[in-house]
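A.B. asks: Just dropping this structure here.
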Amino acid sequence: MKRLLVILFTAIALVAAAQENPKAYASYFDLNYFYGNISRHNNDILHLITGHPEGFILSWNQKTFGNKEWEQLYGYPDYGVSLGYQDLKNEFMGDNLALYGHYNFYFFNRNLMLRIGQGVAVASNPYDKEENYRNVAFGSKLLSSTYLMLNYKKERLLDRLGVQAGLSLIHYSNGNTKAPNTSINSIALNVGLNYQLEKEDPEFMVTEGLTNRFNEPVRYNFVFRSGVNESDVIDSGQFPFYVFSFYADKRINKKSALQLGTDIFYSNFLKEYIKFSSIAYPERGIDGTEDYKRAGIFVGHELFINRLSVITQAGYYLYYPIDYEGRMYLRGGLKGYITKEKKLFATVAVKAHAAQAEGIEIGIGYRL
């Protein structure tokens with residue numbers, strides 16, 4: 001608790017210093033304290049749930065006022081960065097420190113705010129087979145982290161100071177880059193303050209006749225993805241993987257596109273998994289000669305937000321020589337368009353089977 005108080009006071013000092021920044025324009029800080037529970041999504045983590053996690057999220061937010069079309073289409077969202085700290089209330093897990101990029105979307109006359117944040121976290125006490133073998137949640141020090149925050153929010157109740165309160169969901173996982181990786185999900189209540197850096201905000205711009213309708217021909221995408229991962233067998237080794245994807249997309253409006261495509265997976269970790277299983281578990285019917293490659297088809301959706309987009313895909317293996325976590329797979333992640341014409345893009349995504357991550361895919365692609 002002492003560590004948490006020290007970090008909170010430091011965060012407050014940072015906010016106070018930021019208030020003196022003369023270059024800040026139409027932006028604000030908010031500071032949220034949260035307290036909650038760890039979800040029991042996996043029986044393997046029951047011994048790690050020994051208290052109620054608590055922490056804070058300090059955020060800087062840039063407001064938008066409709067200077068660009070996408071800002072009006074999405075109801076004038078905010079974007080910004082967040083610093084998060086969480087004490088997991090367990091000696092084997094320790095605490096996590098995270099840095100995120102986020103968007104805030106508004107509803108009900110801007111009284112309800114939904115924040116979506118994605119970033120990286122550092123675990124203070126990850127798994128170690130000799131010194132910390134009980135922490136099966138985090139097999140590595142560096143983690144991927146996602147958080148959702150739904151707040152009822154009021155600004156400028158006392159001069160520039162406002163309040164907010166609501167619910168938060170915080171997720172940590174290393175995407176199976178290293179086993180073990182059962183991950184941790186926290187559900188928490190949060191309460192906080194927001195402070196506006198300007199005396200007043202500009203007026204929202206409204207473009208007459210603006211519509212979400214949009215039409216373009218079918219476009220074709222080529223993507224190469226790679227990364228490293230490990231099977232669920234601890235200490236079986238990290239190996240590179242390669243994914244080649246081709247898919248067509250059709251824009252249905254300015255915000256969305258539907259996708260249909262195929263993936264070819266070269267998953268080197270399966271070579272070791274096949275060898276291990278053939279020796280350790282002969283009852284599985286694996287003789288060690290099975291192919292480590294897989295191929296599947298998928299359908300998906302792309303949500304365009306300026307030059308960033310959110311992708312969600314669901315796939316099915318057509319070529320599936322070795323049974324590993326099931327034939328259905330999911331992919332969720334981000335695309336960032338490098339060129340103004342939205343042709344060349346970079347992507348990062350998590351591929352999973354149900355709630356079990358297989359790997360974090362980092363790639364580059366081209367949209368014809």
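Each chain in the structure tokens gets a letter, A, B and so on, in the order shown; residues start at 1 in every chain, and ligands are counted from 1 in the order they appear.
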For the contact check between region 153-266 of chain A and region 72-89 of chain A, emit one row per residue of region 153-266 of chain A within 10 Å, containing the shortest atom pair and the distance in Å rounded to one decimal, counting only C-alpha atoms, chain then rising number order, as a Markdown table.
C.D. replies:
| residue | atom | partner | partner_atom | distance |
| --- | --- | --- | --- | --- |
| A:Ile170 | CA | A:Gln86 | CA | 9.4 |
| A:Ile184 | CA | A:Leu88 | CA | 9.5 |
| A:Ser186 | CA | A:Leu88 | CA | 9.0 |
| A:Phe204 | CA | A:Tyr76 | CA | 8.0 |
| A:Met205 | CA | A:Gln72 | CA | 7.8 |
| A:Val206 | CA | A:Gln72 | CA | 7.2 |
| A:Thr207 | CA | A:Gln72 | CA | 8.1 |
| A:Leu210 | CA | A:Leu73 | CA | 8.2 |
| A:Thr211 | CA | A:Leu73 | CA | 8.0 |
| A:Asn212 | CA | A:Leu73 | CA | 7.1 |
| A:Lys254 | CA | A:Leu73 | CA | 8.7 |
| A:Lys255 | CA | A:Leu73 | CA | 8.3 |
A.B. asks: Mind listing the strand (DSSP E or B) residues of region 169-357 of chain A, per DSSP on the backbone, as a PyMOL selection string?
C.D. replies: chain A and resi 169-173+184-196+219-229+239-251+256-267+293-305+308-319+328-337+344-353+356-357
A.B. asks: Taking 4 positions as the minimum chain separation for residues in the same chain, which residues sit within 10 Å of region 38-55 of chain A when counting only C-alpha atoms? Answer as number ranges by chain.
C.D. replies: A: 1, 4-5, 7-8, 32-34, 84-93, 95-97, 134-137, 169-171, 182-190, 355
A.B. asks: Excluding Tyr316 (chain A) and residues on its chain fewer than 6 positions from it, collect all residues at most 9 Å away from it, counting only C-alpha atoms, and give them as an MDAnalysis selection string.
C.D. replies: chainID A and resid 295:298 327:330
A.B. asks: To one decimal place in Å, what is the distance between CA of Gly227 (chain A) and CA of Lys250 (chain A)?
C.D. replies: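 So the answer is 28.3 Å.
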A.B. asks: With only C-alpha atoms as the atoms that count, which of A:Gln62, A:Ser256, A:Ser168, A:Ser226 lies nearest to Tyr242 (chain A)?
C.D. replies: A:Ser226
A.B. asks: Show me, as a ChimeraX atom specification, the residues that have an atom within 12 Å of Gly175 (chain A) when counting only C-alpha atoms, minus same-chain residues fewer than 5 positions from it.
C.D. replies: /A:120,137-140,142-146,180-184,227-232,331-332,348-353,355-362
A.B. asks: Enumerate as a count of residues only all residues of region 47-187 of chain A assigned to helix (DSSP H, G or I) by DSSP on the backbone, naming them with the chain letters and numbers the document uses.
C.D. replies: 7
A.B. asks: Dump as CSV the rows for residues of region 79-192 of chain A within 12 Å of region 265-289 of chain A: closest atom pair and distance in Å with one decimal, only C-alpha atoms counted, ordered by chain and rising residue number.
C.D. replies:
residue,atom,partner,partner_atom,distance
A:Asn176,CA,A:Phe269,CA,11.1
A:Thr177,CA,A:Phe269,CA,10.5
A:Lys178,CA,A:Phe269,CA,11.0
A:Ala179,CA,A:Phe269,CA,11.8
A.B. asks: Please produce a file of the residues just selected, as a short mmCIF file (atom, residue, chain, number, x, y, z; two decimals), in the first residue's frame, where the atoms kept are C-alpha atoms.
C.D. replies:
data_model
loop_
_atom_site.label_atom_id
_atom_site.label_comp_id
_atom_site.auth_asym_id
_atom_site.auth_seq_id
_atom_site.Cartn_x
_atom_site.Cartn_y
_atom_site.Cartn_z
CA ASN A 176 2.17 -17.21 -25.42
CA THR A 177 5.52 -15.83 -26.48
CA LYS A 178 6.77 -17.82 -23.49
CA ALA A 179 5.03 -20.43 -21.33
#
A.B. asks: Find the distance between CA of Val310 (chain A) and CA of Phe345 (chain A) and write it in Å to one decimal.
C.D. replies: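 It comes out at 12.5 Å.
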A.B. asks: Which one is closest to Glu325 (chain A): A:Gly101, A:Gly365, A:Ala354, A:Glu131? Count only C-alpha atoms.
C.D. replies: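 The closest residue to Glu325 (chain A) is A:Ala354.
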A.B. asks: Could you list, as a ChimeraX atom specification, every residue within 12 Å of Pro202 (chain A), counting only C-alpha atoms and ignoring same-chain residues fewer than 6 positions away?
C.D. replies: /A:25-27,63-67
A.B. asks: Near Asn194 (chain A), counting only C-alpha atoms, which residues have an atom at most 9 Å away, once you skip same-chain residues fewer than 2 positions from it, shown as a PyMOL selection string?
C.D. replies: chain A and resi 28-32+153-156+160-164+192+196
A.B. asks: What does the file look like for those residues with all heavy atoms, as a compact mmCIF listing (two decimals), in the first residue's frame?
C.D. replies:
# COMPACT_ATOMS: atom_id res chain seq x y z
N TYR A 28 -6.94 17.31 -21.68
CA TYR A 28 -7.15 17.22 -20.24
C TYR A 28 -6.46 15.99 -19.68
O TYR A 28 -6.12 15.05 -20.42
CB TYR A 28 -8.65 17.18 -19.90
CG TYR A 28 -9.38 15.95 -20.38
CD1 TYR A 28 -9.57 14.85 -19.54
CD2 TYR A 28 -9.89 15.87 -21.67
CE1 TYR A 28 -10.24 13.73 -19.98
CE2 TYR A 28 -10.57 14.75 -22.11
CZ TYR A 28 -10.75 13.68 -21.26
OH TYR A 28 -11.40 12.56 -21.70
N PHE A 29 -6.25 16.00 -18.39
CA PHE A 29 -5.75 14.84 -17.67
C PHE A 29 -6.88 14.24 -16.84
O PHE A 29 -7.78 14.95 -16.39
CB PHE A 29 -4.61 15.24 -16.72
CG PHE A 29 -3.28 15.39 -17.39
CD1 PHE A 29 -2.88 16.63 -17.88
CD2 PHE A 29 -2.42 14.32 -17.52
CE1 PHE A 29 -1.66 16.78 -18.49
CE2 PHE A 29 -1.18 14.46 -18.12
CZ PHE A 29 -0.80 15.70 -18.61
N ASP A 30 -6.82 12.95 -16.65
CA ASP A 30 -7.68 12.34 -15.64
C ASP A 30 -6.90 11.29 -14.86
O ASP A 30 -5.94 10.71 -15.36
CB ASP A 30 -8.98 11.78 -16.23
CG ASP A 30 -8.78 10.68 -17.24
OD1 ASP A 30 -7.96 9.78 -17.01
OD2 ASP A 30 -9.46 10.70 -18.27
N LEU A 31 -7.31 11.11 -13.63
CA LEU A 31 -6.66 10.15 -12.73
C LEU A 31 -7.74 9.30 -12.09
O LEU A 31 -8.65 9.82 -11.45
CB LEU A 31 -5.87 10.89 -11.65
CG LEU A 31 -5.16 10.02 -10.61
CD1 LEU A 31 -4.10 9.13 -11.27
CD2 LEU A 31 -4.52 10.89 -9.53
N ASN A 32 -7.68 7.99 -12.31
CA ASN A 32 -8.68 7.06 -11.80
C ASN A 32 -8.04 6.07 -10.84
O ASN A 32 -7.01 5.44 -11.17
CB ASN A 32 -9.33 6.28 -12.95
CG ASN A 32 -10.25 7.13 -13.78
OD1 ASN A 32 -11.40 7.34 -13.45
ND2 ASN A 32 -9.73 7.65 -14.89
N LYS A 153 -19.32 10.52 -16.66
CA LYS A 153 -18.32 11.58 -16.56
C LYS A 153 -18.96 12.96 -16.60
O LYS A 153 -19.87 13.22 -17.39
CB LYS A 153 -17.33 11.43 -17.73
CG LYS A 153 -16.27 12.51 -17.85
CD LYS A 153 -15.42 12.23 -19.08
CE LYS A 153 -14.47 13.38 -19.35
NZ LYS A 153 -13.70 13.13 -20.60
N LYS A 154 -18.49 13.83 -15.72
CA LYS A 154 -18.90 15.23 -15.70
C LYS A 154 -17.66 16.11 -15.66
O LYS A 154 -16.78 15.92 -14.81
CB LYS A 154 -19.80 15.53 -14.50
CG LYS A 154 -21.23 15.04 -14.64
CD LYS A 154 -21.98 15.79 -15.74
CE LYS A 154 -23.43 15.39 -15.81
NZ LYS A 154 -24.16 16.10 -16.89
N GLU A 155 -17.58 17.05 -16.60
CA GLU A 155 -16.45 17.97 -16.65
C GLU A 155 -16.83 19.32 -16.05
O GLU A 155 -18.00 19.68 -15.98
CB GLU A 155 -15.99 18.17 -18.10
CG GLU A 155 -15.50 16.90 -18.78
CD GLU A 155 -15.05 17.14 -20.22
OE1 GLU A 155 -15.26 18.27 -20.73
OE2 GLU A 155 -14.49 16.21 -20.83
N ARG A 156 -15.82 20.06 -15.57
CA ARG A 156 -15.95 21.45 -15.14
C ARG A 156 -17.04 21.66 -14.08
O ARG A 156 -17.82 22.60 -14.15
CB ARG A 156 -16.22 22.35 -16.35
CG ARG A 156 -15.14 22.25 -17.44
CD ARG A 156 -15.41 23.22 -18.56
NE ARG A 156 -14.50 23.03 -19.67
CZ ARG A 156 -13.28 23.56 -19.76
NH1 ARG A 156 -12.83 24.34 -18.78
NH2 ARG A 156 -12.51 23.33 -20.82
N ARG A 160 -12.15 24.09 -13.61
CA ARG A 160 -11.71 23.11 -14.61
C ARG A 160 -11.77 21.67 -14.12
O ARG A 160 -11.44 20.74 -14.86
CB ARG A 160 -10.27 23.42 -15.04
CG ARG A 160 -10.06 24.82 -15.58
CD ARG A 160 -8.64 24.96 -16.10
NE ARG A 160 -8.29 26.34 -16.40
CZ ARG A 160 -7.16 26.74 -16.96
NH1 ARG A 160 -6.26 25.83 -17.30
NH2 ARG A 160 -6.92 28.01 -17.19
N LEU A 161 -12.17 21.47 -12.89
CA LEU A 161 -12.14 20.15 -12.28
C LEU A 161 -13.48 19.44 -12.43
O LEU A 161 -14.54 20.02 -12.21
CB LEU A 161 -11.79 20.29 -10.78
CG LEU A 161 -11.39 19.00 -10.05
CD1 LEU A 161 -10.08 18.44 -10.62
CD2 LEU A 161 -11.23 19.30 -8.56
N GLY A 162 -13.42 18.16 -12.79
CA GLY A 162 -14.61 17.33 -12.92
C GLY A 162 -14.42 15.98 -12.28
O GLY A 162 -13.33 15.67 -11.75
N VAL A 163 -15.46 15.14 -12.33
CA VAL A 163 -15.41 13.82 -11.70
C VAL A 163 -15.88 12.76 -12.69
O VAL A 163 -16.56 13.06 -13.69
CB VAL A 163 -16.28 13.76 -10.43
CG1 VAL A 163 -15.76 14.74 -9.39
CG2 VAL A 163 -17.74 14.03 -10.76
N GLN A 164 -15.54 11.52 -12.40
CA GLN A 164 -15.98 10.39 -13.21
C GLN A 164 -15.92 9.13 -12.37
O GLN A 164 -15.15 9.04 -11.41
CB GLN A 164 -15.12 10.25 -14.46
CG GLN A 164 -13.63 10.10 -14.17
CD GLN A 164 -12.79 10.45 -15.38
OE1 GLN A 164 -13.06 11.41 -16.11
NE2 GLN A 164 -11.76 9.65 -15.60
N GLY A 192 -12.61 8.76 -10.16
CA GLY A 192 -11.49 9.65 -10.45
C GLY A 192 -11.88 11.08 -10.71
O GLY A 192 -13.05 11.47 -10.63
N GLN A 196 -9.32 19.99 -16.92
CA GLN A 196 -9.20 20.56 -18.26
C GLN A 196 -8.03 21.55 -18.31
O GLN A 196 -7.88 22.39 -17.41
CB GLN A 196 -10.50 21.29 -18.63
CG GLN A 196 -11.74 20.45 -18.46
CD GLN A 196 -11.76 19.21 -19.33
OE1 GLN A 196 -11.45 19.29 -20.52
NE2 GLN A 196 -12.11 18.07 -18.75
A.B. asks: Taking into account only C-alpha atoms, which residue in the set A:Ser173, A:Phe239, A:Lys129, A:Asp159 is nearest to Glu200 (chain A)?
C.D. replies: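 For Glu200 (chain A), the nearest of the given residues is A:Asp159.
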A.B. asks: Name the closest residue to Lys199 (chain A) among the candidates A:Leu158, A:Gln238, A:Leu167, A:Lys293; distances are taken between atoms, counting only C-alpha atoms.
C.D. replies: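 Result for the nearest residue to Lys199 (chain A): A:Leu158.
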